[in-house]
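Printed here is final_1.cif (mmCIF, C-alpha atoms):
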```
data_data
loop_
_atom_site.group_PDB
_atom_site.id
_atom_site.type_symbol
_atom_site.label_atom_id
_atom_site.label_comp_id
_atom_site.auth_asym_id
_atom_site.auth_seq_id
_atom_site.Cartn_x
_atom_site.Cartn_y
_atom_site.Cartn_z
ATOM 1 C CA MET A 15 44.772 -16.427 10.083
ATOM 2 C CA ARG A 16 42.898 -15.623 6.878
ATOM 3 C CA GLU A 17 42.768 -11.991 5.821
ATOM 4 C CA ILE A 18 39.692 -10.217 7.194
ATOM 5 C CA THR A 19 38.712 -6.605 6.579
ATOM 6 C CA HIS A 20 37.091 -4.482 9.265
ATOM 7 C CA THR A 21 35.807 -0.950 9.863
ATOM 8 C CA PHE A 22 34.916 0.989 13.000
ATOM 9 C CA ALA A 23 32.005 3.206 11.902
ATOM 10 C CA ILE A 24 31.549 5.944 14.519
ATOM 11 C CA CYS A 25 28.050 7.381 14.858
ATOM 12 C CA ALA A 26 28.536 11.013 15.895
ATOM 13 C CA TYR A 27 25.561 12.983 17.214
ATOM 14 C CA LYS A 28 25.486 16.671 18.142
ATOM 15 C CA GLU A 29 28.389 17.660 20.457
ATOM 16 C CA SER A 30 29.319 14.752 22.679
ATOM 17 C CA PRO A 31 32.073 15.558 25.201
ATOM 18 C CA TYR A 32 33.164 11.924 24.941
ATOM 19 C CA LEU A 33 33.586 11.635 21.161
ATOM 20 C CA GLU A 34 37.313 12.337 21.207
ATOM 21 C CA GLU A 35 37.886 9.651 23.858
ATOM 22 C CA CYS A 36 36.095 7.167 21.622
ATOM 23 C CA ILE A 37 38.227 8.149 18.623
ATOM 24 C CA GLN A 38 41.448 7.908 20.632
ATOM 25 C CA SER A 39 40.549 4.405 21.836
ATOM 26 C CA LEU A 40 40.093 3.303 18.213
ATOM 27 C CA LYS A 41 43.337 4.938 17.141
ATOM 28 C CA ARG A 42 45.187 3.003 19.873
ATOM 29 C CA GLN A 43 44.172 -0.426 18.558
ATOM 30 C CA THR A 44 47.042 -2.927 18.500
ATOM 31 C CA VAL A 45 45.865 -4.068 15.061
ATOM 32 C CA LYS A 46 44.997 -1.171 12.764
ATOM 33 C CA THR A 47 41.784 -1.413 10.764
ATOM 34 C CA ASN A 48 39.613 1.238 9.102
ATOM 35 C CA ILE A 49 37.894 4.088 10.941
ATOM 36 C CA ILE A 50 35.108 6.229 9.474
ATOM 37 C CA MET A 51 32.611 8.629 11.034
ATOM 38 C CA ALA A 52 29.027 9.431 10.089
ATOM 39 C CA THR A 53 26.557 12.013 11.349
ATOM 40 C CA SER A 54 23.137 13.472 10.685
ATOM 41 C CA THR A 55 23.938 16.482 12.889
ATOM 42 C CA PRO A 56 27.041 18.033 11.279
ATOM 43 C CA ASN A 57 28.764 20.686 13.374
ATOM 44 C CA GLU A 58 32.142 22.296 13.844
ATOM 45 C CA MET A 59 33.209 19.987 16.679
ATOM 46 C CA ILE A 60 32.600 16.794 14.685
ATOM 47 C CA GLN A 61 34.319 18.218 11.611
ATOM 48 C CA THR A 62 37.297 19.416 13.667
ATOM 49 C CA LEU A 63 37.797 15.966 15.229
ATOM 50 C CA ALA A 64 37.438 14.238 11.867
ATOM 51 C CA ASP A 65 40.145 16.528 10.447
ATOM 52 C CA LYS A 66 42.373 16.212 13.511
ATOM 53 C CA TYR A 67 42.417 12.417 13.383
ATOM 54 C CA ASP A 68 42.224 12.107 9.596
ATOM 55 C CA ILE A 69 38.919 10.217 9.653
ATOM 56 C CA PRO A 70 36.591 10.248 6.614
ATOM 57 C CA LEU A 71 33.325 11.963 7.583
ATOM 58 C CA TYR A 72 29.997 11.089 5.935
ATOM 59 C CA ILE A 73 26.988 13.357 6.395
ATOM 60 C CA ARG A 74 23.447 12.020 6.159
ATOM 61 C CA ASP A 75 20.639 14.339 5.081
ATOM 62 C CA GLY A 76 17.349 14.121 6.928
ATOM 63 C CA LYS A 77 16.079 14.002 10.491
ATOM 64 C CA SER A 78 18.189 12.183 13.060
ATOM 65 C CA ASP A 79 16.924 8.692 13.818
ATOM 66 C CA ILE A 80 18.835 5.863 15.500
ATOM 67 C CA ARG A 81 17.922 3.208 12.931
ATOM 68 C CA ASP A 82 18.572 5.448 9.934
ATOM 69 C CA ASP A 83 21.803 6.790 11.406
ATOM 70 C CA TRP A 84 23.089 3.281 12.147
ATOM 71 C CA ASN A 85 22.192 2.029 8.682
ATOM 72 C CA PHE A 86 23.881 5.020 7.079
ATOM 73 C CA ALA A 87 27.124 4.572 9.038
ATOM 74 C CA TYR A 88 27.080 0.802 8.463
ATOM 75 C CA ASN A 89 26.456 1.215 4.723
ATOM 76 C CA GLN A 90 29.459 3.527 4.266
ATOM 77 C CA ALA A 91 31.843 0.746 5.279
ATOM 78 C CA ASP A 92 33.080 -1.390 2.406
ATOM 79 C CA THR A 93 34.644 -4.109 4.559
ATOM 80 C CA GLU A 94 33.505 -7.606 5.510
ATOM 81 C CA TRP A 95 33.062 -6.716 9.190
ATOM 82 C CA VAL A 96 31.649 -3.493 10.672
ATOM 83 C CA THR A 97 31.504 -2.211 14.253
ATOM 84 C CA ILE A 98 28.970 0.555 14.946
ATOM 85 C CA ALA A 99 31.093 2.516 17.418
ATOM 86 C CA HIS A 100 29.042 4.595 19.838
ATOM 87 C CA GLN A 101 30.494 8.043 20.452
ATOM 88 C CA ASP A 102 30.147 7.953 24.245
ATOM 89 C CA ASP A 103 31.922 4.635 24.691
ATOM 90 C CA ARG A 104 35.504 3.404 24.586
ATOM 91 C CA TYR A 105 37.208 0.307 23.244
ATOM 92 C CA ASN A 106 40.001 -1.780 24.696
ATOM 93 C CA GLU A 107 43.125 -1.498 22.557
ATOM 94 C CA GLN A 108 42.872 -5.224 21.757
ATOM 95 C CA TYR A 109 39.281 -5.143 20.487
ATOM 96 C CA ALA A 110 40.168 -5.331 16.776
ATOM 97 C CA GLN A 111 42.885 -7.917 17.355
ATOM 98 C CA CYS A 112 40.569 -10.223 19.325
ATOM 99 C CA LEU A 113 37.810 -9.728 16.753
ATOM 100 C CA LEU A 114 40.012 -10.721 13.821
ATOM 101 C CA GLU A 115 41.498 -13.694 15.643
ATOM 102 C CA LYS A 116 38.129 -15.025 16.805
ATOM 103 C CA VAL A 117 36.127 -14.691 13.588
ATOM 104 C CA SER A 118 38.952 -16.278 11.593
ATOM 105 C CA GLU A 119 38.438 -19.441 13.664
ATOM 106 C CA VAL A 120 34.688 -19.743 12.979
ATOM 107 C CA ASP A 121 33.554 -20.250 9.398
ATOM 108 C CA ASN A 122 29.881 -19.420 10.007
ATOM 109 C CA ALA A 123 30.342 -16.309 12.159
ATOM 110 C CA ILE A 124 27.700 -13.634 11.546
ATOM 111 C CA ALA A 125 28.324 -11.416 14.564
ATOM 112 C CA PHE A 126 31.150 -10.896 17.049
ATOM 113 C CA VAL A 127 30.308 -10.081 20.665
ATOM 114 C CA SER A 128 32.622 -9.132 23.502
ATOM 115 C CA ASP A 129 32.143 -8.709 27.219
ATOM 116 C CA TYR A 130 32.056 -5.128 28.499
ATOM 117 C CA MET A 131 32.519 -3.020 31.595
ATOM 118 C CA PRO A 132 30.507 0.068 32.528
ATOM 119 C CA ILE A 133 32.038 3.542 32.834
ATOM 120 C CA LYS A 134 30.507 5.632 35.607
ATOM 121 C CA ASN A 135 31.779 9.019 36.702
ATOM 122 C CA GLY A 136 34.740 8.611 34.374
ATOM 123 C CA LYS A 137 35.913 5.325 35.903
ATOM 124 C CA ILE A 138 35.869 1.898 34.267
ATOM 125 C CA GLY A 139 34.163 -0.677 36.498
ATOM 126 C CA PRO A 140 33.406 -2.270 38.777
ATOM 127 C CA ARG A 141 30.517 -4.236 37.306
ATOM 128 C CA ASP A 142 27.107 -2.993 38.367
ATOM 129 C CA VAL A 143 24.154 -5.344 38.903
ATOM 130 C CA ASN A 144 22.968 -4.956 35.310
ATOM 131 C CA SER A 145 26.401 -5.800 33.913
ATOM 132 C CA LYS A 146 26.700 -8.857 36.169
ATOM 133 C CA ILE A 147 23.326 -10.224 35.074
ATOM 134 C CA ARG A 148 24.037 -9.662 31.389
ATOM 135 C CA HIS A 149 27.433 -11.334 31.763
ATOM 136 C CA PHE A 150 25.800 -14.369 33.372
ATOM 137 C CA LEU A 151 23.152 -14.632 30.636
ATOM 138 C CA ARG A 152 25.804 -14.649 27.892
ATOM 139 C CA GLN A 153 27.699 -17.628 29.310
ATOM 140 C CA PRO A 154 26.135 -20.291 27.032
ATOM 141 C CA ILE A 155 27.700 -18.766 23.908
ATOM 142 C CA LYS A 156 31.209 -19.114 25.311
ATOM 143 C CA ASN A 157 30.877 -22.532 23.684
ATOM 144 C CA ASP A 158 31.288 -22.078 19.900
ATOM 145 C CA ARG A 159 28.824 -24.871 19.128
ATOM 146 C CA ARG A 160 26.122 -23.272 21.266
ATOM 147 C CA ALA A 161 26.963 -19.883 19.726
ATOM 148 C CA ALA A 162 25.719 -21.256 16.396
ATOM 149 C CA SER A 163 22.550 -22.822 17.828
ATOM 150 C CA ARG A 164 19.276 -20.946 17.282
ATOM 151 C CA PHE A 165 18.018 -22.297 20.615
ATOM 152 C CA TRP A 166 20.974 -20.944 22.588
ATOM 153 C CA LYS A 167 21.177 -17.661 20.675
ATOM 154 C CA ARG A 168 17.526 -16.999 21.536
ATOM 155 C CA ARG A 169 17.973 -18.219 25.098
ATOM 156 C CA ILE A 170 20.587 -15.585 25.957
ATOM 157 C CA LEU A 171 18.080 -12.926 24.826
ATOM 158 C CA CYS A 172 14.837 -14.233 26.324
ATOM 159 C CA LEU A 173 15.270 -12.691 29.791
ATOM 160 C CA GLY A 174 16.540 -9.339 28.545
ATOM 161 C CA ASN A 175 19.114 -7.919 26.195
ATOM 162 C CA SER A 176 22.268 -9.604 27.436
ATOM 163 C CA ILE A 177 24.407 -8.121 24.643
ATOM 164 C CA CYS A 178 25.943 -4.655 24.913
ATOM 165 C CA CYS A 179 25.270 -2.915 21.597
ATOM 166 C CA PRO A 180 28.630 -1.133 21.073
ATOM 167 C CA ALA A 181 30.430 -4.427 21.792
ATOM 168 C CA VAL A 182 29.013 -6.023 18.623
ATOM 169 C CA THR A 183 30.602 -6.283 15.176
ATOM 170 C CA TYR A 184 28.488 -7.382 12.208
ATOM 171 C CA ASN A 185 29.401 -9.575 9.254
ATOM 172 C CA LYS A 186 28.206 -7.239 6.520
ATOM 173 C CA LYS A 187 29.168 -9.731 3.822
ATOM 174 C CA LYS A 188 26.507 -12.108 5.159
ATOM 175 C CA LEU A 189 23.989 -9.658 6.604
ATOM 176 C CA GLY A 190 23.947 -7.214 3.673
ATOM 177 C CA ASP A 191 23.280 -3.462 3.600
ATOM 178 C CA SER A 192 20.739 -1.592 5.770
ATOM 179 C CA PHE A 193 20.453 -4.527 8.135
ATOM 180 C CA PHE A 194 18.781 -2.530 10.936
ATOM 181 C CA THR A 195 15.064 -2.896 10.234
ATOM 182 C CA SER A 196 13.437 -2.849 13.690
ATOM 183 C CA GLU A 197 10.520 -0.485 14.243
ATOM 184 C CA LEU A 198 11.454 -0.140 17.920
ATOM 185 C CA LYS A 199 13.336 2.910 19.164
ATOM 186 C CA PHE A 200 15.000 1.952 22.441
ATOM 187 C CA ASN A 201 15.297 -1.776 21.768
ATOM 188 C CA ILE A 202 16.418 -1.572 18.159
ATOM 189 C CA ASP A 203 19.602 -3.408 19.224
ATOM 190 C CA TRP A 204 17.839 -6.212 21.140
ATOM 191 C CA ASP A 205 15.398 -6.694 18.250
ATOM 192 C CA THR A 206 18.308 -6.800 15.798
ATOM 193 C CA PHE A 207 20.149 -9.404 17.866
ATOM 194 C CA LEU A 208 17.001 -11.551 17.855
ATOM 195 C CA LYS A 209 16.878 -11.183 14.075
ATOM 196 C CA ILE A 210 20.453 -12.475 13.923
ATOM 197 C CA ALA A 211 19.660 -15.262 16.399
ATOM 198 C CA ASP A 212 17.011 -16.591 14.027
ATOM 199 C CA MET A 213 19.502 -16.721 11.138
ATOM 200 C CA ASP A 214 22.011 -19.434 10.320
ATOM 201 C CA GLY A 215 25.393 -18.578 11.776
ATOM 202 C CA ALA A 216 27.186 -17.998 15.057
ATOM 203 C CA PHE A 217 27.403 -15.246 17.668
ATOM 204 C CA VAL A 218 31.146 -15.611 18.254
ATOM 205 C CA TYR A 219 31.899 -14.431 21.771
ATOM 206 C CA VAL A 220 35.020 -13.342 23.632
ATOM 207 C CA ASP A 221 34.441 -13.365 27.389
ATOM 208 C CA LYS A 222 36.791 -10.471 27.988
ATOM 209 C CA PRO A 223 35.765 -6.831 28.584
ATOM 210 C CA LEU A 224 36.891 -5.266 25.318
ATOM 211 C CA THR A 225 34.234 -2.530 25.357
ATOM 212 C CA TYR A 226 33.598 0.152 27.961
ATOM 213 C CA TYR A 227 29.984 1.330 28.040
ATOM 214 C CA ARG A 228 29.391 4.789 29.494
ATOM 215 C CA VAL A 229 26.426 5.379 31.798
ATOM 216 C CA HIS A 230 25.624 9.084 32.176
ATOM 217 C CA ASP A 231 22.725 11.520 32.408
ATOM 218 C CA GLY A 232 22.957 12.572 28.765
ATOM 219 C CA ALA A 233 22.680 9.031 27.416
ATOM 220 C CA THR A 234 19.751 8.217 25.135
ATOM 221 C CA SER A 235 19.003 5.159 27.290
ATOM 222 C CA LYS A 236 18.294 7.397 30.272
ATOM 223 C CA GLU A 237 15.891 9.555 28.232
ATOM 224 C CA PHE A 238 13.891 6.468 27.270
ATOM 225 C CA ILE A 239 13.604 5.370 30.900
ATOM 226 C CA VAL A 240 12.358 8.769 32.067
ATOM 227 C CA ASP A 241 9.504 8.916 29.528
ATOM 228 C CA HIS A 242 8.667 5.172 29.868
ATOM 229 C CA ARG A 243 9.362 4.352 26.220
ATOM 230 C CA ARG A 244 11.887 1.786 27.369
ATOM 231 C CA GLU A 245 9.272 -0.113 29.362
ATOM 232 C CA ALA A 246 6.949 -0.230 26.338
ATOM 233 C CA ASP A 247 9.752 -1.526 24.112
ATOM 234 C CA ASP A 248 10.785 -4.094 26.731
ATOM 235 C CA ARG A 249 7.254 -5.496 26.878
ATOM 236 C CA THR A 250 7.179 -5.693 23.076
ATOM 237 C CA MET A 251 10.372 -7.742 23.085
ATOM 238 C CA PHE A 252 9.282 -10.088 25.855
ATOM 239 C CA ARG A 253 6.098 -10.872 23.896
ATOM 240 C CA LYS A 254 8.371 -12.468 21.280
ATOM 241 C CA PHE A 255 9.433 -15.059 23.880
ATOM 242 C CA TRP A 256 6.796 -15.390 26.603
ATOM 243 C CA PRO A 257 3.013 -15.502 27.279
ATOM 244 C CA GLY A 258 1.418 -12.416 28.838
ATOM 245 C CA TRP A 259 1.202 -13.739 32.395
ATOM 246 C CA MET A 260 4.924 -14.518 32.369
ATOM 247 C CA ILE A 261 5.808 -11.060 31.060
ATOM 248 C CA GLY A 262 4.151 -9.440 34.075
ATOM 249 C CA ILE A 263 6.344 -11.466 36.422
ATOM 250 C CA ILE A 264 9.513 -10.776 34.455
ATOM 251 C CA MET A 265 8.865 -7.029 34.341
ATOM 252 C CA VAL A 266 8.619 -6.803 38.138
ATOM 253 C CA PHE A 267 12.265 -7.806 38.363
ATOM 254 C CA TYR A 268 13.416 -6.384 35.046
ATOM 255 C CA LYS A 269 12.422 -2.810 35.895
ATOM 256 C CA LYS A 270 14.797 -2.932 38.852
ATOM 257 C CA ALA A 271 17.618 -2.919 36.293
ATOM 258 C CA TYR A 272 16.530 0.592 35.296
ATOM 259 C CA ASP A 273 18.020 1.790 38.585
ATOM 260 C CA THR A 274 21.436 0.995 37.084
ATOM 261 C CA TYR A 275 21.061 4.118 34.948
ATOM 262 C CA ALA A 276 20.052 6.371 37.841
#
```
Encoding of this model in structure tokens:
Amino acid sequence: MREITHTFAICAYKESPYLEECIQSLKRQTVKTNIIMATSTPNEMIQTLADKYDIPLYIRDGKSDIRDDWNFAYNQADTEWVTIAHQDDRYNEQYAQCLLEKVSEVDNAIAFVSDYMPIKNGKIGPRDVNSKIRHFLRQPIKNDRRAASRFWKRRILCLGNSICCPAVTYNKKKLGDSFFTSELKFNIDWDTFLKIADMDGAFVYVDKPLTYYRVHDGATSKEFIVDHRREADDRTMFRKFWPGWMIGIIMVFYKKAYDTYA
């Protein structure tokens, strides 16, 4: 296996009660890579955890913004591969190991994607309806040849965002700095994955739940559902794939997935 460098870049925001769990899951990795933390909302809790776990902390000046915060954290990493680790989520101890093994096998890899399981009420799994649908939609890229095909990369995204954002690792060497350029707020990840899908290179995929995505009342995703910004962003994304009449049909069923976050 060729030598590959990797960084977990944790985006810390305000005072998340789950941040330490996230850090601990990264510290338990079977293959040790780099861990850094970045924030635009510096506070005593974040600083204390950074000191406790000996993690370099980078502070961004300016108003908090998902795109700017992600770009800042991503830019601080000086490795070939970068995972934007979300503070509320956890990672399987084999995430880094599987990442390094998989991308070493594929010369044109531009992003690594793993399966995930939801965390609800502190428990991992079982899969909810949303997770099951997203898992089904990702199946074509289990095949490495399809994972490099623009047609198949777009297909897994055309009926919704089938990729779980914290489960993704980016090839910074190929994608460059400040890669997050979407003007969307809720669907910045989906829009970014479409940007990658239109590029040469493969979404390398491991069909194993290596990421645990937390669903809870304080999540940003829930805020966007309540004030309907998610629905507006979803319609914007579907317009990149479908005619207007088709979008209306899709949204009837797609909005039922919002109940997953209730």
Residues matched by the PyMOL selection byres ((chain A and resi 100) around 8) as a VMD selection string: chain A and resid 24 to 26 36 98 to 99 101 to 103 180
Given the PyMOL selection byres ((chain A and resi 253-262) around 10), the residues it picks as an MDAnalysis selection string: chainID A and resid 168:169 171:173 205 208 248:252 263:268
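As for CA of Asp214 in chain A and CA of Thr97 in chain A, they are spaced 20.1 Å apart.
Evaluating the PyMOL selection byres ((chain A and resi 127) around 7) against the shown model yields Ala125, Phe126, Ser128, Asp129, Ala181, Val182, Thr183, Phe217, Val218, Tyr219 and Val220 of chain A.
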Requested write-out: C-alpha atoms of the selected residues, as a short mmCIF file (atom, residue, chain, number, x, y, z; two decimals), in the frame of the given file:
```
data_model
loop_
_atom_site.label_atom_id
_atom_site.label_comp_id
_atom_site.auth_asym_id
_atom_site.auth_seq_id
_atom_site.Cartn_x
_atom_site.Cartn_y
_atom_site.Cartn_z
CA ALA A 125 28.32 -11.42 14.56
CA PHE A 126 31.15 -10.90 17.05
CA SER A 128 32.62 -9.13 23.50
CA ASP A 129 32.14 -8.71 27.22
CA ALA A 181 30.43 -4.43 21.79
CA VAL A 182 29.01 -6.02 18.62
CA THR A 183 30.60 -6.28 15.18
CA PHE A 217 27.40 -15.25 17.67
CA VAL A 218 31.15 -15.61 18.25
CA TYR A 219 31.90 -14.43 21.77
CA VAL A 220 35.02 -13.34 23.63
#
```
Point-to-point distance from CA of Asp75 in chain A to CA of Ala87 in chain A, Å rounded to tenths: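 Straight-line distance from CA of Asp75 in chain A to CA of Ala87 in chain A works out to 12.4 Å.
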Length of the CA of Gln108 in chain A to CA of Gln43 in chain A vector [Å]: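 These atoms are spaced 5.9 Å apart.
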Shell of 8 Å around Lys167 in chain A, all atoms listed in the file, local chain residues under 4 positions omitted, as JSON, numbers by chain: {"A": [155, 160, 161, 162, 163, 171, 208, 211, 212, 217]}
Could you please take those selected residues and save C-alpha atoms as a PDB file, keeping the file's coordinate frame?
```pdb
ATOM      1  CA  ILE A 155      27.700 -18.766  23.908  1.00  0.00           C
ATOM      2  CA  ARG A 160      26.122 -23.272  21.266  1.00  0.00           C
ATOM      3  CA  ALA A 161      26.963 -19.883  19.726  1.00  0.00           C
ATOM      4  CA  ALA A 162      25.719 -21.256  16.396  1.00  0.00           C
ATOM      5  CA  SER A 163      22.550 -22.822  17.828  1.00  0.00           C
ATOM      6  CA  LEU A 171      18.080 -12.926  24.826  1.00  0.00           C
ATOM      7  CA  LEU A 208      17.001 -11.551  17.855  1.00  0.00           C
ATOM      8  CA  ALA A 211      19.660 -15.262  16.399  1.00  0.00           C
ATOM      9  CA  ASP A 212      17.011 -16.591  14.027  1.00  0.00           C
ATOM     10  CA  PHE A 217      27.403 -15.246  17.668  1.00  0.00           C
TER      11      PHE A 217
END
```
Would you list the contacts of Ile50 in chain A as a short mmCIF file (atom, residue, chain, number, x, y, z; two decimals) with C-alpha atoms, in the frame of the given file, taking every protein, DNA or RNA residue within 12 Å and counting all atoms listed in the file, but skipping same-chain residues closer than 5 positions in sequence?
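Just written: around01.cif:
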```
data_model
loop_
_atom_site.label_atom_id
_atom_site.label_comp_id
_atom_site.auth_asym_id
_atom_site.auth_seq_id
_atom_site.Cartn_x
_atom_site.Cartn_y
_atom_site.Cartn_z
CA HIS A 20 37.09 -4.48 9.26
CA THR A 21 35.81 -0.95 9.86
CA PHE A 22 34.92 0.99 13.00
CA ALA A 23 32.01 3.21 11.90
CA ILE A 24 31.55 5.94 14.52
CA CYS A 25 28.05 7.38 14.86
CA ALA A 26 28.54 11.01 15.90
CA ILE A 37 38.23 8.15 18.62
CA LEU A 40 40.09 3.30 18.21
CA LYS A 41 43.34 4.94 17.14
CA LEU A 63 37.80 15.97 15.23
CA ALA A 64 37.44 14.24 11.87
CA ASP A 65 40.15 16.53 10.45
CA TYR A 67 42.42 12.42 13.38
CA ASP A 68 42.22 12.11 9.60
CA ILE A 69 38.92 10.22 9.65
CA PRO A 70 36.59 10.25 6.61
CA LEU A 71 33.33 11.96 7.58
CA TYR A 72 30.00 11.09 5.94
CA ILE A 73 26.99 13.36 6.40
CA PHE A 86 23.88 5.02 7.08
CA ALA A 87 27.12 4.57 9.04
CA TYR A 88 27.08 0.80 8.46
CA ASN A 89 26.46 1.22 4.72
CA GLN A 90 29.46 3.53 4.27
CA ALA A 91 31.84 0.75 5.28
CA ASP A 92 33.08 -1.39 2.41
CA THR A 93 34.64 -4.11 4.56
CA VAL A 96 31.65 -3.49 10.67
CA THR A 97 31.50 -2.21 14.25
CA ILE A 98 28.97 0.56 14.95
CA ALA A 99 31.09 2.52 17.42
#
```
Top pick for closest residue to Ile147 in chain A, considering A:Asn135, A:Asn175, A:Asn122, A:Thr53 and counting all atoms listed in the file: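 Using all atoms listed in the file, the shortest distance to Ile147 in chain A belongs to A:Asn175.
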Selection: 10 Å around Thr195 in chain A, all atoms listed in the file, excl. self and same-chain fewer than 6 positions, as an MDAnalysis selection string: chainID A and resid 81:82 85 202 205:206 209
A:Lys116, A:Lys28, A:Ser54, A:Trp204 ranked by distance to Ser78 in chain A, top pick (using only C-alpha atoms): A:Ser54
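By chain and then residue number, the residues within 6 Å of Leu224 in chain A are Tyr105, Asn106, Tyr109 and Tyr130 of chain A, counting all atoms listed in the file and disregarding those fewer than 4 positions away in sequence.
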Write the residues of the selection above to a file with C-alpha atoms, as a PDB file, in the frame of the given file.
```
ATOM      1  CA  TYR A 105      37.208   0.307  23.244  1.00  0.00           C
ATOM      2  CA  ASN A 106      40.001  -1.780  24.696  1.00  0.00           C
ATOM      3  CA  TYR A 109      39.281  -5.143  20.487  1.00  0.00           C
ATOM      4  CA  TYR A 130      32.056  -5.128  28.499  1.00  0.00           C
TER       5      TYR A 130
END
```
Residue nearest Gly174 in chain A among A:Glu34, A:Ala246, A:Leu151, A:Arg141 (counting only C-alpha atoms):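 Using only C-alpha atoms, the shortest distance to Gly174 in chain A belongs to A:Leu151.
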Proximity to Arg104 in chain A - best of A:Ala52, A:Val229, A:Val45, A:Ile60, all atoms listed in the file: A:Val229
Residue nearest Arg148 in chain A among A:Lys134, A:Arg243, A:Asp221, A:Lys66 (counting all atoms listed in the file):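 Distance minimum relative to Arg148 in chain A lands on A:Asp221.
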With 8 Å of padding per side, what axis-aligned box (centre and edge lengths, Å, one decimal) covers all the listed atoms of range 65-74 of chain A? Give it as JSON.
```
{"center_x": 32.9, "center_y": 13.4, "center_z": 9.7, "size_x": 35.0, "size_y": 22.3, "size_z": 23.6}
```
For Glu29 in chain A: contacts at 10 Å, all atoms listed in the file, fewer than 5 positions along chain excluded, given as a list of chain:residue names: A:Thr55, A:Pro56, A:Asn57, A:Glu58, A:Met59, A:Ile60, A:Gln101
Nearest residue to Ser196 in chain A from the set A:Ile80, A:Ile177, A:Thr62, A:Arg16 (distances using all atoms listed in the file): A:Ile80
